[in-house]
Every structure is written in C-alpha cells, then in structure tokens.
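To start, the structure itself, in structure tokens.
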Amino acid sequence: MRIAEVEDYVGIPRVGGLVLSPDGRRVVVGVSTLDAKKTAYVTALWEVDPDGERPARRLTRSAKSEGGAAFTRDGDLLFTSARPDPDAKDKDDENPPALWLLPRDGAEARVVAARRGGLGAPTVARDADTVLLTGDVLAHAADEEQDEQLRKDRKEKKVAAILHEGYPVRFWDHDLGPGFPHLFTADLAALSGGDAALAGDEEPRLTLTDRTPAPGGALVEQQAAISPDGSTVVTGWHRARARGDSRSVLVAIDVATGERRTLVDDESFDAFSPVVSPDGRWVVFGYETISTPHEAPRAGLRLVPLAGGESRVVAPDWDRWPGSPVWLPDSSGLLVVADDEGRAPVFRVDLGVDGEPDRVARVTSDDAAFSDVRVGPDGRTAYALRSSYLAPAHPVRIDLTSIPTQAVALRSPAPTPELPGRLEEVETTVEDGRRVRAWLALPEGADAASPAPLLLWIHGGPLGSWNAWSWRWNPWLLVARGYAVLLPDPALSTGYGQDFVQAGWGAWGQAPFTDLMAVTDVAEQHEAVDATRTAAMGGSFGGYMANWVAGHTDRFKAVVTHASLWALDQFGPTTDAAFYWQREMTEQMALEASPHRHVGEIRTPMLVIHGDRDYRVPIGEGLRLWWELLAKSGLPADDEGRSPHRFLYFPDENHWVLQPQHAVVWYRTVEAFLAEHVLARTGDDAVPYPAILG
C-alpha cells in the first residue's frame, strides 16, 4: 500500500508487542487493525515463523482485542482480553480483561483467571509454574468479594467520585483511583490434568493470591518482574519524597510469605523496570537521577544483587542512555537499546567481573530503531521489532554470533507501505561546537527545478529523538502532499551524549531554539527545498517550541501547535506530574522561558490543536493560548471575531489523537491550514477543511 491519502493510511495494520517462546521456536506479535466501522483499532495475536520461510498466521480473533501475550514454560500462550467468556455464569455487557490460555496443541482458548477489577501484564517465571499479574483493587475493599460488590454498587448508583489523600490524582488521560494496582501470583500447575471437561466438570482455573495488600498508589505506572524460580517478585514502588513529591524505589517480595523488603532506595535517583537475571542472582533496572533546574537528569541502567547490596551503574563510561535490558541466557551480559545519532540500535553489554569494566559493542548496523528484543535460549539469536522512517515496526531476526550485523526481516503479518519520497540527512555545527543533525524527507520529483515547500517538524519529549516510525507523527503524509519535512534533534535530544541534553536544560528558549533555526537554515539551502515557502509545527514540547518560534521569528508563513505548553506558571502546577516539573525550572527560569510573554510579537497565522482529556498538558494551556492569540497577538481578531488563526478542539482525545477518524480530521485540517498560508491556495483553489467538522 502506498502512503498517499490519510484515509487509507489509518487502515494500515500495525505490529507491536513481540514475545518469544521458551524453546525459541515461536514468535508472536500483536497486530492492530481497524474495526468494521473504522472508528477504533482492535488487536489480534499472530505467529511469525522465526526462520522467515512460512507466512505469519493469525492465532486470535475478537471484537475486544487481545494483548499481554506471554508463554508458559510448557509452550502454552497466555494473553489478556475483555472478550466474552462463553463459560461465564453471569453474562455482562462490560467484561473486564481476563487471563486466557491458548494451548500449544491448537485447542480453543479459554479463560483461566478473571476478576471484576481486571487482569493484565502476565509474566511467567522461566523455571517455575508461577505467573505474575496486575489488577486494580478498590482502596476500601478488604477482600475480593467486597471489591466486586463495591464495583457493582458504584456502577448501579452511577457514582464516579474519588476521594484522594495523596498525589498524583491522574495520569496522562485517566483518573487515578478509586482502584489502585496490586500484584497477584498464581500456580499454573493447577491447570494441568485437564480431563475435567471430558467428565462434564468445569475446567480448572487459577487461584489468585494478592502479594501487595494495601499498596495505595505505590504501584501506579510501575513494572514488575519475577525471579526464574518463581520465589521472588521485584517491582518499582512509589515512595513519598516530600510534600506533593515522590520517588521510585525497588522492593522485593517473597512469594511464599508475602514479606516485602527494600532492594534499592537512593535519594539521588528513581529506580524502575527491574529484570531478574536467568541465574537469579542479579537485578538490572532503569534509573534516572533526580534533576535540578540547573542539572539535567542522567539515565540508564544499574545492577544490584537480588539478595541485597549496593547497586552500580552499568557501563558508566558509555555516554548514552541504555534501556529495555534483556539478559543473555548465561547471565554474563545484556542486550540493550539506546538512542544513538538518530537511530536506536541494539547493543551488547558484557558485564565486568573481578573489577573489570563493562564492555559495550553495537550489535545492529541498521539505520533503524529496535524494540521488544528477545533472546533465544542458546544465546546465538535474538528477535525484535525494527522500524525507521523508511518502514514501520516489523519482526526481524538478529544473529548474535557475528556483530555488528544487519537484522534479517521475517515474514511480517502487516505489509510495508510504499513511501512517496526519499530520506536524507542534513547537519550543521552550532556556535558552541555541537553537531546538530536531522532527517529530511523529500517528495518524489523534488529537485532544483521543482523545489518543495519546507515543514519544520519539532519532536516532543523533550528528552527524545526522531529515530523511529510513528503512527501518530508521520512525515510521509505531508510529503505525499508535496512538502519536504525536516525532523531535527536539537539540544535536549537523546542519543548525542549528556552534554547535548545539558545544553538545553532549564533554557528551552535558548539552545533548542537556536539549534532548530540553524539546522533549518541548512535545510533551506538544499536544492530540492523552496526557502520562500516554509512552516513550523510540533506537539507537546514540540508544540511549546512552535509557540516559542512564533513569538521570536516571522520567517515561517504558518505555525501548527499541538498539545502545547503556553504559560509555564500555569502549566507547572496543573500537569499530571507537577513534582517532576518543579525539578525542571525555577519560577524565574519558567517565566523567562514562557512563550505567553511574547504573544504580542506573533505575526504568523497559528493552528492551535488540543484535546480535553490531555492531563499531561492540560486543556487550560490551549484555551489560554487561543484567547490570547485573538486578543493580544500581532494578528488579532477583528471586531467580528474573525482571525487567520484556527483552533481544532477534540473533547474526547488525550495528549495524542488516537481515534482513527480523528486522525483523519487532524491531518486534513493541518493540510488545509498549510495550503492556505504556505502555498497561498485560496478561493477556488483552496484545500477545504474537513466537511465532517460541520
């Protein structure tokens, strides 16, 4: 399928969530496709041939989607789904996600565990029959029976009120409470000996044991792991740091006794996302130092003995931020992914012993970004999802015996779309000597004789990089409309070292802005780019930068700002993680870096886009930006309220725009706005705004 029209683009199947069976012979991925009405995505599980010979085959099918795939050590496939349970005694129109088992012999899937508060994130011990699961429990429920009754009461009486006694109270796009995550374990051995069904009896189900009674909000947005022998659960755990602040520590929970002990607790960093080594001796985990307004965070991986002791940084001399660690089968090292120069390769870290330093080697030579890395039992082969701006995520095989190596594509269940142009790189050296680079996507036929208008697209984060295919922010849809799209990594971007992050820390309107302008200058010199027709756009931090750009230069003919920060004094206390923002800037720094102070200098038409369910950048930012553009900008509204500015408002979208038809509206509105102001297409030649907007 060729990327040309956004209506077709939203229908392209999307691959994610790769898992590998214990014997290394089965690769399973999730594939999301449009439902029959084309208004939502549903996800099914597909099996991919690890040898790359047979086509992928579909394993599951339902209107409610499947996810959370995990293999048992016997090779059966567990997954979670809210699809109806045919064996349920009490039918319910709203089924919470339950745990299903798809036998390895191809028999039909069945529910093996269910509860009113739902279940998710199954993780199976490598050498035991223990499964670890998450599920929400109401704060005042003494047991499972009371939890179920309270949920029924709230539903029947239409009570949605939540009484909070701590912070935070919401996250991203959903309210926190009244239920909070707990960790459950169960013994998969209870499912064996399945002759019960032949005798007419009910098939056995798992008995769930709550291993984290009364955690409060300690497990919100945390990840947990289980030791290979199933005896210990290790999880991130929120702990109060100060009034309105918290930090993340690691705790270890004894499965047999429920005893919880602190494994890592350091005031200088947050600890999260643990993974236990195959030999059960070590835990590798992610960490991020507690930043200050003057010092950027340092992030990466640390190592601690499971039995307890001091933790240490993994590869401390490596100036990158590794994450997503996967242990090698012999526990001698790790495979990790790290942003690196506009890519996100797989690296191997051999852990030093007896005081020797850790050794880092790049595994993949592809110009791509990798995720969902899984290692085969012999340590010779890995599987992963690979993406780049040339192709969306697709399964690949990686030979670990000879590195660096090029990953080999497997037969994906989703087609690779045909691109409407080509991809190049541009770069420049800025005043302080830093190298600033960017991807430049150019439309077919763009050359010196027929240059393309330029769109500067600024990434969010700001701690991130343009290095992987995004279904949400895709340059090729605008390349298909004839634009050259510039995707730069300015100061604060990851993959270029700690000093590159520090260069923009606490000073968003300084180095990030000048970096963006410098690399745009270079892109405008490209023979295939028309420097007289340019626009800028971005979302989240990219939206902040779009606002800053609009108030500090009139070089662009249009600016699109999505989910953007506008008044930093207002944003700080209202975002869903205000404590993190307090570490970012002092009040004076926030005032100096706030775009709203420069609204009177804005003389460029702006398209403002915001969703009401955006808790990361609350809707107040978009509302205030819109009013101040009309009332105070250099292009104010006239006496009848008419203005060149536009405001696209989504009452039921979050920080992103996730519903397929809303994505169509988003891109079509952006296209129409850019055509009006960058291409000067007006009157009979105008690109219409979506009629469905009314």
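Residue numbering restarts at 1 in every chain; chains get A, B, ... in the order shown in the structure tokens, and ligands count up from 1 in that same order.
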
Give me, as an NGL selection string, all polymer residues having an atom no more than 12 Å from Gly286 (chain A), counting only C-alpha atoms and skipping those fewer than 2 positions away in the same chain. :A and (222-223 or 235-236 or 248-250 or 264 or 269-275 or 283-284 or 288-289 or 298-304 or 311-314 or 321-326 or 336)

Expected file: the selected residues, N, CA, C and O atoms, as a CSV table (one decimal), in the first residue's frame:
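Here's the written file again-v7.csv:
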chain,number,residue,atom,x,y,z
A,222,GLN,N,4.0,1.3,37.4
A,222,GLN,CA,5.2,0.6,37.7
A,222,GLN,C,5.3,-0.7,37.0
A,222,GLN,O,4.2,-1.3,36.6
A,223,GLN,N,6.5,-1.3,36.8
A,223,GLN,CA,6.6,-2.6,36.2
A,223,GLN,C,7.2,-3.5,37.2
A,223,GLN,O,8.0,-3.1,38.0
A,235,THR,N,9.7,-5.2,42.1
A,235,THR,CA,8.9,-4.2,41.4
A,235,THR,C,9.3,-2.8,41.8
A,235,THR,O,9.9,-2.6,42.9
A,236,GLY,N,9.0,-1.9,40.9
A,236,GLY,CA,9.1,-0.5,41.3
A,236,GLY,C,8.1,-0.1,42.3
A,236,GLY,O,7.0,-0.7,42.3
A,248,SER,N,10.7,6.8,43.0
A,248,SER,CA,10.5,5.3,42.8
A,248,SER,C,11.7,4.5,43.3
A,248,SER,O,12.8,4.8,42.9
A,249,VAL,N,11.4,3.5,44.1
A,249,VAL,CA,12.4,2.6,44.7
A,249,VAL,C,12.1,1.2,44.2
A,249,VAL,O,11.1,1.0,43.5
A,250,LEU,N,13.0,0.3,44.5
A,250,LEU,CA,12.7,-1.1,44.1
A,250,LEU,C,12.5,-1.9,45.4
A,250,LEU,O,13.2,-1.7,46.4
A,264,VAL,N,16.3,-1.4,46.6
A,264,VAL,CA,17.1,-0.2,46.1
A,264,VAL,C,16.3,1.0,46.6
A,264,VAL,O,15.1,1.2,46.3
A,269,PHE,N,18.3,9.1,42.9
A,269,PHE,CA,17.7,8.6,41.6
A,269,PHE,C,16.4,7.8,41.9
A,269,PHE,O,16.1,7.3,42.9
A,270,ASP,N,15.6,7.8,40.8
A,270,ASP,CA,14.4,6.9,40.7
A,270,ASP,C,14.9,5.6,40.1
A,270,ASP,O,15.7,5.5,39.2
A,271,ALA,N,14.3,4.5,40.7
A,271,ALA,CA,14.6,3.2,40.2
A,271,ALA,C,13.3,2.5,39.7
A,271,ALA,O,12.3,2.7,40.4
A,272,PHE,N,13.4,1.8,38.6
A,272,PHE,CA,12.1,1.3,38.0
A,272,PHE,C,12.5,0.2,37.0
A,272,PHE,O,13.6,-0.1,36.7
A,273,SER,N,11.5,-0.5,36.5
A,273,SER,CA,11.5,-1.5,35.4
A,273,SER,C,12.6,-2.6,35.7
A,273,SER,O,13.6,-2.7,34.9
A,274,PRO,N,12.5,-3.3,36.8
A,274,PRO,CA,13.5,-4.4,37.1
A,274,PRO,C,13.4,-5.6,36.2
A,274,PRO,O,12.3,-5.9,35.7
A,275,VAL,N,14.5,-6.3,36.0
A,275,VAL,CA,14.6,-7.6,35.3
A,275,VAL,C,15.6,-8.4,36.0
A,275,VAL,O,16.7,-8.0,36.2
A,283,VAL,N,19.7,-8.2,39.6
A,283,VAL,CA,18.5,-7.4,39.0
A,283,VAL,C,19.1,-6.2,38.3
A,283,VAL,O,19.9,-5.5,38.9
A,284,VAL,N,18.8,-6.1,37.0
A,284,VAL,CA,19.1,-4.9,36.3
A,284,VAL,C,17.9,-4.0,36.3
A,284,VAL,O,16.7,-4.6,36.2
A,288,GLU,N,17.0,7.0,36.8
A,288,GLU,CA,17.1,8.4,36.4
A,288,GLU,C,17.4,9.3,37.6
A,288,GLU,O,16.6,9.2,38.5
A,289,THR,N,18.4,10.0,37.5
A,289,THR,CA,18.8,10.9,38.6
A,289,THR,C,17.7,12.0,38.9
A,289,THR,O,17.1,12.4,37.9
A,298,ARG,N,20.5,12.2,34.6
A,298,ARG,CA,21.3,11.2,33.9
A,298,ARG,C,20.5,9.9,34.0
A,298,ARG,O,19.9,9.6,35.1
A,299,ALA,N,20.4,9.1,33.0
A,299,ALA,CA,19.6,8.0,32.9
A,299,ALA,C,20.3,6.8,32.3
A,299,ALA,O,21.3,7.0,31.6
A,300,GLY,N,19.9,5.6,32.6
A,300,GLY,CA,20.5,4.4,32.1
A,300,GLY,C,20.1,3.2,32.9
A,300,GLY,O,18.9,3.1,33.4
A,301,LEU,N,21.0,2.3,33.2
A,301,LEU,CA,20.8,1.0,33.9
A,301,LEU,C,21.7,0.9,35.0
A,301,LEU,O,22.8,1.4,35.0
A,302,ARG,N,21.2,0.2,36.1
A,302,ARG,CA,22.0,-0.1,37.2
A,302,ARG,C,21.8,-1.6,37.5
A,302,ARG,O,20.8,-2.2,37.1
A,303,LEU,N,22.7,-2.1,38.3
A,303,LEU,CA,22.8,-3.5,38.7
A,303,LEU,C,22.8,-3.7,40.2
A,303,LEU,O,23.6,-3.0,40.8
A,304,VAL,N,22.0,-4.6,40.7
A,304,VAL,CA,22.0,-4.9,42.2
A,304,VAL,C,21.8,-6.4,42.4
A,304,VAL,O,21.1,-7.0,41.7
A,311,SER,N,24.0,-1.0,44.6
A,311,SER,CA,23.8,-1.0,43.2
A,311,SER,C,24.9,-0.2,42.5
A,311,SER,O,25.6,0.6,43.1
A,312,ARG,N,25.2,-0.5,41.2
A,312,ARG,CA,26.2,0.2,40.5
A,312,ARG,C,25.6,0.5,39.1
A,312,ARG,O,24.7,-0.2,38.6
A,313,VAL,N,26.2,1.5,38.5
A,313,VAL,CA,25.8,1.9,37.1
A,313,VAL,C,26.4,0.8,36.1
A,313,VAL,O,27.5,0.4,36.2
A,314,VAL,N,25.6,0.4,35.1
A,314,VAL,CA,26.0,-0.4,34.0
A,314,VAL,C,26.7,0.5,33.0
A,314,VAL,O,26.2,1.5,32.6
A,321,TRP,N,22.1,6.6,27.0
A,321,TRP,CA,21.1,6.2,28.0
A,321,TRP,C,20.5,4.9,27.6
A,321,TRP,O,19.4,4.8,26.9
A,322,PRO,N,21.1,3.8,27.9
A,322,PRO,CA,20.5,2.5,27.6
A,322,PRO,C,19.2,2.2,28.3
A,322,PRO,O,19.1,2.6,29.5
A,323,GLY,N,18.4,1.4,27.7
A,323,GLY,CA,17.1,0.9,28.3
A,323,GLY,C,16.7,-0.4,27.7
A,323,GLY,O,17.4,-1.0,26.9
A,324,SER,N,15.5,-0.8,28.2
A,324,SER,CA,14.9,-2.1,27.7
A,324,SER,C,15.9,-3.3,27.8
A,324,SER,O,16.1,-4.0,26.8
A,325,PRO,N,16.5,-3.5,29.0
A,325,PRO,CA,17.5,-4.6,29.1
A,325,PRO,C,16.9,-6.0,28.9
A,325,PRO,O,15.8,-6.3,29.4
A,326,VAL,N,17.7,-6.9,28.3
A,326,VAL,CA,17.3,-8.3,28.2
A,326,VAL,C,18.6,-9.1,28.5
A,326,VAL,O,19.6,-8.8,28.0
A,336,VAL,N,20.7,-4.3,25.1
A,336,VAL,CA,20.0,-3.1,25.5
A,336,VAL,C,19.8,-2.3,24.2
A,336,VAL,O,20.4,-2.6,23.1

Test item, strand (DSSP E or B) assignment across region 388-558 of chain A, answer as a ChimeraX atom specification: /A:388,391-399,405,408-409,418,421-429,435-443,447,450,452-458,484-488,529-539

Return as a VMD selection string the full set of residues in region 518-657 of chain A whose backbone-based DSSP assignment is helix (DSSP H, G or I). chain A and resid 518 to 524 541 to 552 568 to 574 578 to 584 587 to 592 595 to 601 619 to 632

Which residues come within 10 Å of Pro690 (chain A), counting only C-alpha atoms, excluding same-chain residues fewer than 6 positions away, as a compact mmCIF listing (two decimals) with N, CA, C and O atoms, in the first residue's frame?
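As a result, part_36.txt now contains:
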# COMPACT_ATOMS: atom_id res chain seq x y z
N VAL A 664 -7.71 11.37 10.88
CA VAL A 664 -8.01 11.87 9.53
C VAL A 664 -8.32 13.36 9.59
O VAL A 664 -7.80 14.16 8.80
N VAL A 665 -9.16 13.75 10.55
CA VAL A 665 -9.51 15.16 10.70
C VAL A 665 -8.26 15.99 11.02
O VAL A 665 -8.08 17.09 10.48
N TRP A 666 -7.41 15.46 11.88
CA TRP A 666 -6.19 16.18 12.26
C TRP A 666 -5.33 16.48 11.03
O TRP A 666 -4.95 17.63 10.79
N TYR A 667 -5.01 15.45 10.26
CA TYR A 667 -4.14 15.64 9.11
C TYR A 667 -4.79 16.50 8.04
O TYR A 667 -4.14 17.35 7.41
N ARG A 668 -6.10 16.31 7.81
CA ARG A 668 -6.78 17.10 6.79
C ARG A 668 -6.85 18.58 7.19
O ARG A 668 -6.75 19.46 6.34
N THR A 669 -7.04 18.84 8.48
CA THR A 669 -7.07 20.23 8.93
C THR A 669 -5.70 20.87 8.80
O THR A 669 -5.57 22.03 8.35
N GLU A 671 -3.38 20.00 6.72
CA GLU A 671 -3.14 20.16 5.28
C GLU A 671 -3.82 21.41 4.74
O GLU A 671 -3.22 22.20 3.99
N ALA A 672 -5.09 21.63 5.14
CA ALA A 672 -5.82 22.79 4.64
C ALA A 672 -5.21 24.09 5.15
O ALA A 672 -5.08 25.08 4.40

Contacts of Ala82 (chain A) within 12 Å, only C-alpha atoms, excl. fewer than 3 positions in-chain, as a PyMOL selection string: chain A and resi 42-43+61-68+79+85-86+92-100+111+113-120

Distance query Pro215 (chain A) at most 8 Å, only C-alpha atoms, self and fewer than 2 positions along chain excluded, as a PyMOL selection string: chain A and resi 180-182+212-213+217-219

For a quick check of understanding, using only C-alpha atoms, which of A:Ala391, A:Val485, A:Pro404, A:Pro417 has the smallest distance to Ala438 (chain A)?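 Of the candidates, the smallest distance to Ala438 (chain A) is held by A:Val485.
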
Would you pick out the contacts of Leu78 (chain A) at 12 Å or less, using only C-alpha atoms, so that residues sharing its chain but fewer than 5 positions from it are not included, and give the list as a ChimeraX atom specification? /A:19,21,28,45,59-60,66-73,98-104,109-113,119-124,131-133,188

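For the pair CA of Val15 (chain A) and CA of Thr416 (chain A), the separation is 10.7 Å.
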